[in-house]
file input-v8.cif (mmCIF, C-alpha atoms)
data_protein
#
loop_
_atom_site.label_atom_id
_atom_site.label_comp_id
_atom_site.auth_asym_id
_atom_site.auth_seq_id
_atom_site.Cartn_x
_atom_site.Cartn_y
_atom_site.Cartn_z
CA MET C 189 13.80 60.72 -50.33
CA GLY C 190 12.87 61.32 -53.97
CA LYS C 191 12.61 65.10 -53.52
CA ALA C 192 15.94 65.20 -51.68
CA LEU C 193 17.66 63.32 -54.52
CA LEU C 194 16.09 65.55 -57.18
CA LEU C 195 17.38 68.65 -55.41
CA ILE C 196 20.88 67.15 -55.22
CA TYR C 197 20.78 66.29 -58.94
CA LEU C 198 19.94 69.88 -59.86
CA ILE C 199 22.10 71.72 -57.29
CA TRP C 200 25.27 69.63 -57.51
CA GLY C 201 24.86 68.95 -61.23
CA MET C 202 24.76 72.61 -62.24
CA ASN C 203 27.34 73.49 -59.60
CA TRP C 204 30.09 72.05 -61.78
CA VAL C 205 29.42 74.90 -64.19
CA VAL C 206 29.44 77.41 -61.33
CA MET C 207 32.68 75.98 -59.87
CA LYS C 208 34.39 76.15 -63.25
CA THR C 209 33.27 79.77 -63.62
CA ALA C 210 34.50 80.57 -60.11
CA ASN C 211 38.08 79.68 -61.09
CA THR C 212 38.06 82.88 -63.16
CA PHE C 213 37.74 84.94 -60.00
CA PHE C 214 39.18 82.89 -57.12
CA PRO C 215 42.26 80.75 -56.44
CA PRO C 216 40.87 77.20 -55.99
CA ILE C 217 41.62 76.74 -52.28
CA THR C 218 40.43 80.25 -51.43
CA PHE C 219 37.11 79.60 -53.17
CA VAL C 220 36.59 76.32 -51.30
CA ALA C 221 37.35 78.05 -47.98
CA TYR C 222 34.91 80.89 -48.71
CA ARG C 223 32.10 78.68 -49.98
CA PHE C 224 32.14 76.54 -46.85
CA LEU C 225 32.43 79.60 -44.62
CA PHE C 226 29.20 80.88 -46.17
CA GLY C 227 27.65 77.43 -45.83
CA ALA C 228 28.76 77.14 -42.21
CA VAL C 229 27.18 80.50 -41.34
CA VAL C 230 23.86 79.40 -42.88
CA LEU C 231 23.87 76.03 -41.13
CA LEU C 232 24.95 77.50 -37.79
CA SER C 233 21.96 79.85 -37.99
CA VAL C 234 19.64 76.88 -38.56
CA TRP C 235 21.37 74.88 -35.81
CA LEU C 236 20.92 77.71 -33.30
CA TRP C 237 17.32 78.35 -34.38
CA LEU C 238 16.46 74.68 -33.81
CA ARG C 239 18.38 74.69 -30.49
CA LEU C 240 20.09 71.44 -31.29
CA PRO C 241 22.61 70.04 -28.77
CA LEU C 242 26.30 69.73 -29.52
CA PRO C 243 27.35 66.26 -30.74
CA LYS C 244 28.79 64.02 -28.04
CA LYS C 245 32.53 64.27 -27.36
CA LYS C 246 33.25 60.85 -28.86
CA TYR C 247 32.02 62.01 -32.28
CA TRP C 248 34.19 65.12 -32.65
CA PRO C 249 37.38 63.49 -34.03
CA TRP C 250 35.28 61.83 -36.74
CA ILE C 251 33.33 65.01 -37.47
CA PHE C 252 36.59 66.87 -37.96
CA LEU C 253 38.13 64.10 -40.10
CA THR C 254 35.08 63.67 -42.37
CA GLY C 255 34.72 67.44 -42.69
CA ILE C 256 38.32 67.77 -43.86
CA LEU C 257 38.01 64.81 -46.24
CA GLN C 258 34.58 65.46 -47.75
CA MET C 259 34.30 69.22 -47.70
CA GLY C 260 37.96 70.19 -47.67
CA LEU C 261 40.19 67.84 -49.63
CA ASN C 262 37.46 66.52 -51.93
CA ASN C 263 36.45 69.98 -53.09
CA ILE C 264 40.00 71.35 -53.24
CA ALA C 265 40.97 68.47 -55.54
CA ALA C 266 37.89 68.96 -57.75
CA GLN C 267 38.28 72.75 -57.89
CA THR C 268 42.00 72.49 -58.69
CA SER C 269 41.55 69.92 -61.45
CA MET C 270 39.02 72.22 -63.14
CA VAL C 271 41.72 74.81 -63.73
CA THR C 272 42.76 72.78 -66.80
CA LEU C 273 39.95 70.23 -67.23
CA GLY C 274 36.34 70.74 -68.26
CA ALA C 275 33.55 70.78 -65.69
CA GLY C 276 31.90 67.73 -67.27
CA MET C 277 35.04 65.59 -67.15
CA VAL C 278 35.82 66.52 -63.54
CA SER C 279 32.25 65.75 -62.48
CA VAL C 280 32.59 62.22 -63.88
CA LEU C 281 35.99 61.74 -62.22
CA ASN C 282 34.57 62.92 -58.90
CA TYR C 283 31.62 60.56 -59.19
CA SER C 284 33.91 57.58 -59.67
CA MET C 285 33.69 57.62 -55.87
CA PRO C 286 31.60 54.39 -55.68
CA VAL C 287 34.46 52.43 -57.28
CA PHE C 288 36.94 53.55 -54.63
CA ALA C 289 34.31 53.24 -51.90
CA ALA C 290 33.69 49.60 -52.89
CA VAL C 291 37.38 48.77 -52.50
CA MET C 292 37.71 50.62 -49.19
CA ALA C 293 34.45 49.15 -47.85
CA HIS C 294 35.92 45.66 -48.42
CA PHE C 295 38.57 46.44 -45.79
CA LEU C 296 36.78 48.91 -43.51
CA LEU C 297 33.13 47.80 -43.52
CA GLY C 298 33.47 44.11 -44.29
CA GLU C 299 31.53 44.50 -47.56
CA LYS C 300 33.14 41.74 -49.60
CA LEU C 301 34.22 42.29 -53.18
CA THR C 302 32.33 40.19 -55.71
CA TRP C 303 33.15 39.12 -59.25
CA ARG C 304 30.62 41.69 -60.47
CA LYS C 305 32.18 44.46 -58.40
CA GLY C 306 35.62 43.43 -59.63
CA ALA C 307 34.45 43.61 -63.25
CA GLY C 308 32.91 47.04 -62.65
CA ILE C 309 36.11 48.34 -61.08
CA ILE C 310 38.18 47.11 -64.03
CA LEU C 311 35.75 48.69 -66.50
CA SER C 312 35.88 52.03 -64.66
CA LEU C 313 39.67 51.94 -64.47
CA ALA C 314 39.82 51.29 -68.21
CA GLY C 315 37.59 54.31 -68.77
CA MET C 316 39.92 56.42 -66.64
CA VAL C 317 42.87 55.29 -68.76
CA VAL C 318 40.97 56.44 -71.86
CA LEU C 319 40.41 59.86 -70.26
CA MET C 320 44.10 60.08 -69.35
CA ASP C 321 45.24 60.07 -72.98
CA VAL C 322 47.03 63.43 -73.19
CA HIS C 323 46.80 63.35 -76.97
CA ALA C 324 43.06 63.83 -76.60
CA GLY C 325 43.57 67.08 -74.72
CA GLY C 326 43.67 65.67 -71.19
CA ASP C 327 46.01 66.79 -68.43
CA VAL C 328 47.25 63.65 -66.64
CA THR C 329 48.16 65.50 -63.42
CA ALA C 330 44.76 67.21 -63.29
CA ILE C 331 43.01 63.89 -63.94
CA PHE C 332 44.83 62.24 -61.05
CA ILE C 333 43.86 65.17 -58.83
CA GLY C 334 40.26 64.75 -59.98
CA LEU C 335 40.41 61.06 -59.04
CA LEU C 336 41.79 61.97 -55.62
CA SER C 337 38.62 63.97 -55.02
CA ALA C 338 36.66 60.73 -55.42
CA VAL C 339 38.97 58.88 -53.02
CA PHE C 340 38.54 61.55 -50.33
CA TRP C 341 34.75 61.54 -50.77
CA GLY C 342 34.51 57.75 -50.66
CA LEU C 343 36.59 57.53 -47.50
CA ALA C 344 34.52 60.25 -45.80
CA SER C 345 31.26 58.46 -46.71
CA ILE C 346 32.51 55.23 -45.16
CA PHE C 347 33.54 56.97 -41.93
CA VAL C 348 30.17 58.74 -41.74
CA LYS C 349 28.38 55.41 -42.09
CA LEU C 350 30.75 53.66 -39.69
CA LYS C 351 31.09 56.24 -36.93
CA LEU C 352 28.50 59.01 -37.31
CA SER C 353 25.18 57.37 -38.19
CA ASP C 354 23.68 58.38 -34.84
CA VAL C 355 24.48 62.10 -35.17
CA ASN C 356 21.67 64.44 -36.20
CA ALA C 357 22.13 65.23 -39.90
CA ILE C 358 21.93 69.02 -39.41
CA SER C 359 24.41 68.93 -36.52
CA LEU C 360 26.76 66.65 -38.44
CA THR C 361 26.78 68.79 -41.60
CA THR C 362 27.03 72.05 -39.63
CA TRP C 363 30.08 71.06 -37.62
CA GLN C 364 31.76 69.27 -40.51
CA MET C 365 31.49 72.51 -42.45
CA VAL C 366 32.69 74.65 -39.55
CA CYS C 367 35.76 72.42 -39.08
CA ALA C 368 36.56 72.41 -42.81
CA SER C 369 36.06 76.15 -43.36
CA LEU C 370 38.10 77.25 -40.33
CA THR C 371 40.94 74.89 -41.23
CA LEU C 372 41.03 76.11 -44.84
CA LEU C 373 40.80 79.77 -43.81
CA ALA C 374 43.75 79.28 -41.47
CA TYR C 375 45.71 77.66 -44.31
CA THR C 376 44.94 80.43 -46.81
CA THR C 377 45.97 83.02 -44.21
CA ILE C 378 49.33 81.33 -43.67
CA VAL C 379 49.96 80.41 -47.32
CA PRO C 380 49.03 83.21 -49.79
CA GLN C 381 46.81 81.96 -52.60
CA GLY C 382 46.68 84.90 -54.99
CA PRO C 383 44.22 87.73 -55.64
CA VAL C 384 40.41 87.50 -55.65
CA ILE C 385 38.36 89.42 -58.22
CA TRP C 386 35.18 90.72 -56.59
CA ASN C 387 32.26 91.50 -58.88
CA LYS C 388 28.63 90.56 -59.31
CA GLU C 389 29.42 87.25 -61.00
CA SER C 390 31.99 86.12 -58.43
CA ILE C 391 29.60 86.95 -55.57
CA LEU C 392 26.81 84.96 -57.25
CA CYS C 393 29.17 81.99 -57.64
CA LEU C 394 29.98 82.21 -53.93
CA LEU C 395 26.36 82.54 -52.87
CA TYR C 396 25.26 79.58 -55.01
CA ASN C 397 28.03 77.42 -53.56
CA GLY C 398 27.65 78.60 -49.98
CA VAL C 399 23.88 78.44 -49.60
CA LEU C 400 22.76 75.79 -52.10
CA ALA C 401 25.71 73.55 -52.99
CA SER C 402 27.23 73.59 -49.49
CA ALA C 403 24.64 74.18 -46.77
CA LEU C 404 21.55 72.63 -48.39
CA ALA C 405 23.04 69.90 -50.59
CA PHE C 406 25.55 68.58 -48.02
CA PHE C 407 22.79 68.43 -45.40
CA LEU C 408 20.68 66.40 -47.84
CA TRP C 409 23.65 64.10 -48.56
CA SER C 410 24.27 63.48 -44.82
CA TRP C 411 20.57 62.75 -44.34
CA ILE C 412 20.51 60.33 -47.28
CA LEU C 413 23.65 58.52 -46.02
CA GLN C 414 22.03 57.99 -42.65
CA HIS C 415 18.89 56.46 -44.15
CA ILE C 416 20.14 54.17 -46.93
CA GLU C 417 23.23 52.04 -47.60
CA VAL C 418 26.37 53.73 -48.93
CA SER C 419 26.24 51.71 -52.16
CA LYS C 420 22.60 52.64 -52.76
CA ALA C 421 23.31 56.28 -52.02
CA SER C 422 26.18 56.15 -54.50
CA VAL C 423 24.04 54.86 -57.35
CA ALA C 424 21.25 57.25 -56.41
CA VAL C 425 23.41 60.30 -57.15
CA LEU C 426 24.83 59.08 -60.47
CA ALA C 427 22.53 61.49 -62.27
CA VAL C 428 24.62 64.41 -60.94
CA PRO C 429 27.58 64.02 -63.36
CA VAL C 430 25.12 63.63 -66.23
CA VAL C 431 23.73 67.06 -65.37
CA GLY C 432 27.31 68.31 -64.99
CA VAL C 433 28.35 67.08 -68.43
CA VAL C 434 25.27 68.55 -70.12
CA GLY C 435 25.70 71.82 -68.20
CA GLY C 436 29.35 72.08 -69.27
CA ILE C 437 28.40 71.60 -72.93
CA VAL C 438 25.42 73.96 -72.90
CA CYS C 439 26.66 76.71 -70.57
CA LEU C 440 30.43 76.64 -71.09
CA GLY C 441 30.70 75.37 -74.66
CA GLU C 442 32.88 72.44 -73.57
CA PRO C 443 33.64 69.90 -76.34
CA MET C 444 32.28 66.37 -76.26
CA THR C 445 34.57 64.31 -78.46
CA LEU C 446 34.01 60.61 -79.09
CA HIS C 447 37.18 59.90 -77.09
CA ILE C 448 35.94 61.77 -74.01
CA LEU C 449 32.44 60.32 -74.35
CA LEU C 450 33.81 56.76 -74.49
CA GLY C 451 35.87 57.25 -71.32
CA MET C 452 32.93 58.77 -69.44
CA VAL C 453 30.52 56.02 -70.52
CA MET C 454 33.00 53.32 -69.45
CA ILE C 455 33.45 54.93 -66.03
CA MET C 456 29.71 55.37 -65.45
CA ALA C 457 28.98 51.82 -66.65
CA GLY C 458 31.63 50.45 -64.29
CA ILE C 459 30.17 52.43 -61.38
CA TYR C 460 26.70 51.07 -62.14
CA VAL C 461 28.04 47.52 -62.16
CA VAL C 462 29.82 48.08 -58.82
CA VAL C 463 26.91 49.58 -56.92
CA THR C 464 24.33 47.07 -58.20
CA ALA C 465 26.46 44.02 -57.39
CA LYS C 466 25.09 41.24 -55.20
CA ALA C 467 26.66 40.05 -51.97
CA LYS C 468 28.43 36.86 -53.16
CA SER C 469 32.15 37.35 -52.44
CA LEU C 470 35.21 36.41 -54.39
CA PRO C 471 36.94 33.17 -53.36
#

call {"tool": "encode", "arguments": {"input": "input-v8.cif", "output": "structure tokens"}}
result
Amino acid sequence: MGKALLLIYLIWGMNWVVMKTANTFFPPITFVAYRFLFGAVVLLSVWLWLRLPLPKKKYWPWIFLTGILQMGLNNIAAQTSMVTLGAGMVSVLNYSMPVFAAVMAHFLLGEKLTWRKGAGIILSLAGMVVLMDVHAGGDVTAIFIGLLSAVFWGLASIFVKLKLSDVNAISLTTWQMVCASLTLLAYTTIVPQGPVIWNKESILCLLYNGVLASALAFFLWSWILQHIEVSKASVAVLAVPVVGVVGGIVCLGEPMTLHILLGMVMIMAGIYVVVTAKAKSLP
């Protein structure tokens, strides 16, 4: 478990820098479609090599839905918000997922809200308001899109835990990725997205995202979700946005103003409070 988490920290953390760079060469939706196509090809090769059976018929609607939510809409929202926002800020917005997951789990999984969870949610929301101050250089529309990425991810994680815990992690990730990539490719074929600039750097961005950030890291995430609680998995990956913020500063020269730092710290503190809350419910 520890090695799997460490790999996710490094791969997904630095991928925020790669995703931001990729916007120079690809329209956001096109890049997401291509990265998951590459990832799907890699995972299908592994799936065939292992001779794994197809998931049972009853699982397919949920595989398709979670693939669209987690790999499609989540990544489209994150990639689009990075057109105007820094990689570090978007990584923190995306990893506000545990806050939204806690609220949704109250209704969908019967995980009751507690006073501690409520306080953490309020603290995180206050941090988001700080980040939304346009006078500090933020783009309110892009921030909302970044928050939507967290909502999509949280909802997908709940459905995986609720409906897909018995599916082999490699099979689950493979077919989620196939469903997402084919759907997005169909969309980009019907709705033109703009030109793609092919060069060595754009190909490296695509390879990193397809092989490491998509095929390997999403398999590891599905495996982790199937072995520990959603809330524990959420807190376990909180190191990813820290790597993303540092990577954005070091590799992309992104600014770290006191205003931005305060908002990020408030969000991360609120997330920590939410995912470490005890089980006593609100009256």

call {"tool": "residues_around", "arguments": {"input": "input-v8.cif", "residues": "C:Trp235", "least_positions_apart": "3", "cutoff": "12 Å", "atoms": "only C-alpha atoms", "output": "VMD selection string"}}
result
chain C and resid 228 to 232 238 to 243 356 to 363 366 403 407

call {"tool": "closest_residue", "arguments": {"input": "input-v8.cif", "among": "C:Ala266, C:Val431, C:Leu350, C:Met365", "to": "C:Phe406", "atoms": "all atoms listed in the file"}}
result
C:Met365

call {"tool": "closest_residue", "arguments": {"input": "input-v8.cif", "among": "C:Tyr283, C:Lys351, C:Ala290, C:Leu413", "to": "C:Arg304", "atoms": "all atoms listed in the file"}}
result
C:Ala290

call {"tool": "resolve_selection", "arguments": {"input": "input-v8.cif", "expression": "the PyMOL selection byres ((chain C and resi 200-217) around 7)", "output": "NGL selection string"}}
result
:C and (196-199 or 218-221 or 264 or 267-268 or 270-271 or 275 or 279 or 381-382 or 384-385 or 390 or 393 or 401 or 428-429 or 431-432 or 435-436)

call {"tool": "residues_around", "arguments": {"input": "input-v8.cif", "residues": "C:Val280", "least_positions_apart": "3", "cutoff": "10 Å", "atoms": "all atoms listed in the file", "output": "NGL selection string"}}
result
:C and (275-277 or 283-285 or 316 or 334-335 or 338 or 426 or 428-430 or 432-433 or 451-453 or 455-456)

call {"tool": "build_atoms", "arguments": {"input": "input-v8.cif", "residues": "stretch 210-221 of chain C", "atoms": "all heavy atoms", "output": "tab-separated table (two decimals), in the frame of the given file"}}
result
chain	number	residue	atom	x	y	z
C	210	ALA	N	33.89	79.94	-61.27
C	210	ALA	CA	34.50	80.57	-60.11
C	210	ALA	C	36.02	80.61	-60.20
C	210	ALA	O	36.66	81.50	-59.62
C	210	ALA	CB	34.09	79.83	-58.83
C	211	ASN	N	36.62	79.68	-60.94
C	211	ASN	CA	38.08	79.68	-61.09
C	211	ASN	C	38.59	80.92	-61.83
C	211	ASN	O	39.78	81.23	-61.78
C	211	ASN	CB	38.54	78.42	-61.83
C	211	ASN	CG	38.71	77.24	-60.89
C	211	ASN	OD1	38.82	77.40	-59.69
C	211	ASN	ND2	38.73	76.03	-61.44
C	212	THR	N	37.68	81.62	-62.50
C	212	THR	CA	38.06	82.88	-63.16
C	212	THR	C	38.33	83.98	-62.15
C	212	THR	O	39.11	84.90	-62.40
C	212	THR	CB	36.93	83.32	-64.12
C	212	THR	OG1	36.61	82.27	-65.02
C	212	THR	CG2	37.35	84.55	-64.92
C	213	PHE	N	37.70	83.86	-60.98
C	213	PHE	CA	37.74	84.94	-60.00
C	213	PHE	C	38.50	84.59	-58.71
C	213	PHE	O	38.94	85.49	-57.99
C	213	PHE	CB	36.32	85.35	-59.63
C	213	PHE	CG	35.43	85.62	-60.81
C	213	PHE	CD1	34.44	84.72	-61.18
C	213	PHE	CD2	35.61	86.76	-61.57
C	213	PHE	CE1	33.62	84.97	-62.27
C	213	PHE	CE2	34.79	87.03	-62.67
C	213	PHE	CZ	33.80	86.12	-63.02
C	214	PHE	N	38.59	83.31	-58.39
C	214	PHE	CA	39.18	82.89	-57.12
C	214	PHE	C	40.29	81.87	-57.33
C	214	PHE	O	40.18	80.99	-58.21
C	214	PHE	CB	38.12	82.21	-56.22
C	214	PHE	CG	36.95	83.05	-55.86
C	214	PHE	CD1	35.82	83.09	-56.67
C	214	PHE	CD2	36.94	83.79	-54.68
C	214	PHE	CE1	34.71	83.84	-56.33
C	214	PHE	CE2	35.84	84.55	-54.33
C	214	PHE	CZ	34.73	84.58	-55.15
C	215	PRO	N	41.36	81.91	-56.51
C	215	PRO	CA	42.26	80.75	-56.44
C	215	PRO	C	41.46	79.57	-55.89
C	215	PRO	O	40.57	79.75	-55.04
C	215	PRO	CB	43.34	81.21	-55.44
C	215	PRO	CG	43.25	82.70	-55.42
C	215	PRO	CD	41.82	83.04	-55.67
C	216	PRO	N	41.71	78.35	-56.36
C	216	PRO	CA	40.87	77.20	-55.99
C	216	PRO	C	40.67	77.00	-54.49
C	216	PRO	O	39.54	76.83	-54.03
C	216	PRO	CB	41.62	76.02	-56.62
C	216	PRO	CG	42.33	76.61	-57.79
C	216	PRO	CD	42.74	77.97	-57.36
C	217	ILE	N	41.75	77.00	-53.71
C	217	ILE	CA	41.62	76.74	-52.28
C	217	ILE	C	40.88	77.88	-51.58
C	217	ILE	O	40.07	77.65	-50.67
C	217	ILE	CB	43.00	76.50	-51.63
C	217	ILE	CG1	43.67	75.26	-52.25
C	217	ILE	CG2	42.87	76.29	-50.12
C	217	ILE	CD1	45.06	74.97	-51.71
C	218	THR	N	41.13	79.10	-52.01
C	218	THR	CA	40.43	80.25	-51.43
C	218	THR	C	38.92	80.13	-51.66
C	218	THR	O	38.12	80.39	-50.75
C	218	THR	CB	40.94	81.56	-52.05
C	218	THR	OG1	42.33	81.68	-51.79
C	218	THR	CG2	40.21	82.76	-51.47
C	219	PHE	N	38.54	79.73	-52.87
C	219	PHE	CA	37.11	79.60	-53.17
C	219	PHE	C	36.46	78.53	-52.30
C	219	PHE	O	35.36	78.73	-51.77
C	219	PHE	CB	36.89	79.27	-54.65
C	219	PHE	CG	35.44	79.13	-55.01
C	219	PHE	CD1	34.61	80.23	-55.03
C	219	PHE	CD2	34.90	77.89	-55.32
C	219	PHE	CE1	33.27	80.12	-55.34
C	219	PHE	CE2	33.56	77.76	-55.64
C	219	PHE	CZ	32.74	78.88	-55.66
C	220	VAL	N	37.14	77.39	-52.14
C	220	VAL	CA	36.59	76.32	-51.30
C	220	VAL	C	36.43	76.80	-49.86
C	220	VAL	O	35.42	76.53	-49.20
C	220	VAL	CB	37.48	75.06	-51.37
C	220	VAL	CG1	36.97	73.99	-50.40
C	220	VAL	CG2	37.51	74.50	-52.79
C	221	ALA	N	37.44	77.53	-49.35
C	221	ALA	CA	37.35	78.05	-47.98
C	221	ALA	C	36.18	79.01	-47.83
C	221	ALA	O	35.40	78.92	-46.86
C	221	ALA	CB	38.66	78.76	-47.63
